[in-house]
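Participant: The structure is given below, and queries will be raised subsequently.
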Amino acid sequence: MAAKAAIKDVGRAMDIPYAMSTASPRWSPPAQHHAGAGYRDSAQLREAIEKDGQIRELFETARKLEGMVRNSGVHAAGVVISPRPLTDLVPLHRTKNDEIVTAFDMVAIEKMGLLKMDFLGLTTLTILTDALKLIVQTRGTPLTLEQIPLEDKETYQKVFHKGLTSGVFQFESHGMRDVLRKYQPNSIEDLTALNALYRPGPIQAA
């Protein structure tokens with residue numbers, strides 16, 4: 001919880017009027033500051049705390065909550081793999097959807113030596129399957145994905161060179177489209193290289 005979120009939540013719990021607890025610029029710390037820095041840097045905030053006991057209680061409570069986890073989330077496709085029952089190694093809890101998940105985040109899980117795998121269910125695969133079925137229905141020609149040539153120059157020129165990749169998994173973001181238009185890939189190896197390089201790690205290292 002950042003300073004403003006803590007102040008806002010505590011204000012709601014204390015039934016302080018919304019306008020006062022919604023981190024108003026008049027007296028709350030700037031977004032980039034923690035509450036202590038806001039108190040030090042803002043004369044308006046210091047004055048509000050010194051004059052109003054309710055605001056002082058709000059501020060002191062919010063400072064205690066600042067930096068704590070506000071709520072938990074569940075990774076959409078993360079699966080933790082362990083050589084032993086997870087109940088022996090990490091705390092678990094059951095979500096509102098009756099899913100059993102770890103109470104530690106993925107960083108802590110990996111530091112413990114457990115394996116976290118992402119198993120993605122892709123709508124793209126369903127679309128490809130439906131497209132193959134439609135080809136059979138409309139043209140009477142059975143087709144498999146393995147039969148589609150990877151060296152089709154027309155596809156590279158008309159689709160990838162122009163960045164017309166909406167709906168193409170891993171190639172549909174605006175940034176990736178710019179990369180495709182710039183580098184003009186002409187082979188599956190080019191696409192593989194661009195996909196590998198256009199990842200957070202390589203980009204940050206560049």
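Labeling convention for the structure tokens: chains A, B, ... as they appear, residues from 1 per chain, ligands from 1 in order of appearance.
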For the contact check between range 94-174 of chain A and range 61-70 of chain A, emit one row per residue of range 94-174 of chain A within 12 Å, containing the shortest atom pair and the distance in Å rounded to one decimal, counting only C-alpha atoms, chain then rising number order, as CSV.
Facilitator:
```
residue,atom,partner,partner_atom,distance
A:Ala103,CA,A:Val69,CA,11.5
A:Phe104,CA,A:Val69,CA,11.4
A:Asp105,CA,A:Val69,CA,11.1
```
Participant: Include all heavy atoms and write out the residues we just selected as a compact mmCIF listing (two decimals), in the first residue's frame.
Facilitator:
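Written out: again_15.txt:
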```txt
# COMPACT_ATOMS: atom_id res chain seq x y z
N ALA A 103 0.43 -18.77 -0.53
CA ALA A 103 0.33 -17.44 0.08
C ALA A 103 1.59 -16.64 -0.16
O ALA A 103 1.67 -15.47 0.22
CB ALA A 103 0.06 -17.56 1.57
N PHE A 104 2.61 -17.23 -0.77
CA PHE A 104 3.83 -16.52 -1.15
C PHE A 104 3.74 -16.13 -2.62
O PHE A 104 3.12 -16.84 -3.42
CB PHE A 104 5.07 -17.39 -0.95
CG PHE A 104 5.40 -17.67 0.50
CD1 PHE A 104 6.30 -18.66 0.82
CD2 PHE A 104 4.82 -16.95 1.52
CE1 PHE A 104 6.62 -18.93 2.15
CE2 PHE A 104 5.13 -17.19 2.84
CZ PHE A 104 6.03 -18.18 3.16
N ASP A 105 4.37 -15.02 -2.99
CA ASP A 105 4.36 -14.62 -4.39
C ASP A 105 5.38 -15.42 -5.19
O ASP A 105 6.16 -16.21 -4.64
CB ASP A 105 4.59 -13.12 -4.54
CG ASP A 105 5.98 -12.69 -4.08
OD1 ASP A 105 6.86 -13.55 -3.92
OD2 ASP A 105 6.18 -11.47 -3.87
```
Participant: Expressed in Å to a single decimal, how great is the separation between CA of Thr129 in chain A and CA of Leu164 in chain A?
Facilitator: 20.8 Å
Participant: Apply DSSP to the structure's backbone, then extract all residues of range 56-166 of chain A labelled helix (DSSP H, G or I) and return them as a PyMOL selection string.
Facilitator: chain A and resi 56-65+86-88+106-111+123-139+145-147+153-160
Participant: Just give me the gap between CA of Arg56 in chain A and CA of Asn71 in chain A in Å, one decimal is fine.
Facilitator: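 We find that CA of Arg56 in chain A and CA of Asn71 in chain A lie 25.2 Å from each other.
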Participant: What is the distance between CA of Pro185 in chain A and CA of Thr165 in chain A, in Å to one decimal?
Facilitator: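 Computing the Euclidean distance for CA of Pro185 in chain A and CA of Thr165 in chain A yields 12.8 Å.
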Participant: Which neighbours of Thr87 in chain A fall inside 12 Å, counting only C-alpha atoms, when residues of the same chain fewer than 5 positions from it are skipped, and could you give them as a ChimeraX atom specification?
Facilitator: /A:82,92-93,100-103
Participant: For the residues selected in the previous step, produce a file with all heavy atoms as a PDB file, in the first residue's frame.
Facilitator:
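Below is the file again29.pdb, written as the result:
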```pdb
ATOM      1  N   SER A  82       6.405 -29.062  -6.983  1.00  0.00           N
ATOM      2  CA  SER A  82       7.233 -29.323  -5.813  1.00  0.00           C
ATOM      3  C   SER A  82       7.514 -30.819  -5.684  1.00  0.00           C
ATOM      4  O   SER A  82       6.663 -31.643  -6.030  1.00  0.00           O
ATOM      5  CB  SER A  82       6.515 -28.816  -4.555  1.00  0.00           C
ATOM      6  OG  SER A  82       7.133 -29.316  -3.396  1.00  0.00           O
ATOM      7  N   LEU A  92      -0.707 -22.172   2.345  1.00  0.00           N
ATOM      8  CA  LEU A  92      -1.661 -22.216   1.245  1.00  0.00           C
ATOM      9  C   LEU A  92      -2.974 -21.588   1.698  1.00  0.00           C
ATOM     10  O   LEU A  92      -3.267 -21.527   2.890  1.00  0.00           O
ATOM     11  CB  LEU A  92      -1.917 -23.661   0.805  1.00  0.00           C
ATOM     12  CG  LEU A  92      -0.707 -24.498   0.397  1.00  0.00           C
ATOM     13  CD1 LEU A  92      -1.138 -25.933   0.107  1.00  0.00           C
ATOM     14  CD2 LEU A  92      -0.007 -23.896  -0.809  1.00  0.00           C
ATOM     15  N   HIS A  93      -3.737 -21.112   0.755  1.00  0.00           N
ATOM     16  CA  HIS A  93      -5.086 -20.664   1.099  1.00  0.00           C
ATOM     17  C   HIS A  93      -6.015 -20.913  -0.068  1.00  0.00           C
ATOM     18  O   HIS A  93      -5.582 -21.103  -1.207  1.00  0.00           O
ATOM     19  CB  HIS A  93      -5.101 -19.192   1.524  1.00  0.00           C
ATOM     20  CG  HIS A  93      -4.956 -18.214   0.401  1.00  0.00           C
ATOM     21  ND1 HIS A  93      -6.034 -17.607  -0.179  1.00  0.00           N
ATOM     22  CD2 HIS A  93      -3.861 -17.725  -0.228  1.00  0.00           C
ATOM     23  CE1 HIS A  93      -5.621 -16.777  -1.131  1.00  0.00           C
ATOM     24  NE2 HIS A  93      -4.316 -16.830  -1.187  1.00  0.00           N
ATOM     25  N   ILE A 100      -6.836 -23.605  -4.759  1.00  0.00           N
ATOM     26  CA  ILE A 100      -5.805 -23.654  -3.723  1.00  0.00           C
ATOM     27  C   ILE A 100      -4.553 -22.991  -4.284  1.00  0.00           C
ATOM     28  O   ILE A 100      -4.015 -23.428  -5.311  1.00  0.00           O
ATOM     29  CB  ILE A 100      -5.517 -25.103  -3.300  1.00  0.00           C
ATOM     30  CG1 ILE A 100      -6.772 -25.732  -2.691  1.00  0.00           C
ATOM     31  CG2 ILE A 100      -4.371 -25.147  -2.298  1.00  0.00           C
ATOM     32  CD1 ILE A 100      -6.628 -27.189  -2.323  1.00  0.00           C
ATOM     33  N   VAL A 101      -4.082 -21.944  -3.615  1.00  0.00           N
ATOM     34  CA  VAL A 101      -2.925 -21.192  -4.104  1.00  0.00           C
ATOM     35  C   VAL A 101      -1.944 -20.969  -2.965  1.00  0.00           C
ATOM     36  O   VAL A 101      -2.288 -21.068  -1.787  1.00  0.00           O
ATOM     37  CB  VAL A 101      -3.358 -19.823  -4.694  1.00  0.00           C
ATOM     38  CG1 VAL A 101      -4.305 -20.017  -5.859  1.00  0.00           C
ATOM     39  CG2 VAL A 101      -4.021 -18.966  -3.621  1.00  0.00           C
ATOM     40  N   THR A 102      -0.698 -20.656  -3.333  1.00  0.00           N
ATOM     41  CA  THR A 102       0.305 -20.369  -2.316  1.00  0.00           C
ATOM     42  C   THR A 102       0.106 -18.955  -1.784  1.00  0.00           C
ATOM     43  O   THR A 102      -0.312 -18.057  -2.516  1.00  0.00           O
ATOM     44  CB  THR A 102       1.727 -20.486  -2.894  1.00  0.00           C
ATOM     45  OG1 THR A 102       1.916 -19.475  -3.888  1.00  0.00           O
ATOM     46  CG2 THR A 102       1.954 -21.857  -3.514  1.00  0.00           C
ATOM     47  N   ALA A 103       0.427 -18.774  -0.526  1.00  0.00           N
ATOM     48  CA  ALA A 103       0.329 -17.443   0.075  1.00  0.00           C
ATOM     49  C   ALA A 103       1.594 -16.635  -0.162  1.00  0.00           C
ATOM     50  O   ALA A 103       1.670 -15.467   0.224  1.00  0.00           O
ATOM     51  CB  ALA A 103       0.059 -17.565   1.574  1.00  0.00           C
TER      52      ALA A 103
END
```
Participant: Could you check which of A:Ile127, A:Ala3, A:Ala196, A:Ile55 is closest to Asp15 in chain A, using only C-alpha atoms?
Facilitator: A:Ile55
Participant: Point out the residue among A:Leu134, A:Gly53, A:Gly175, A:Leu86 with the least atom-to-atom distance to Met112 in chain A, counting only C-alpha atoms.
Facilitator: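 When distances to Met112 in chain A are compared using only C-alpha atoms, the smallest one comes from A:Leu86.
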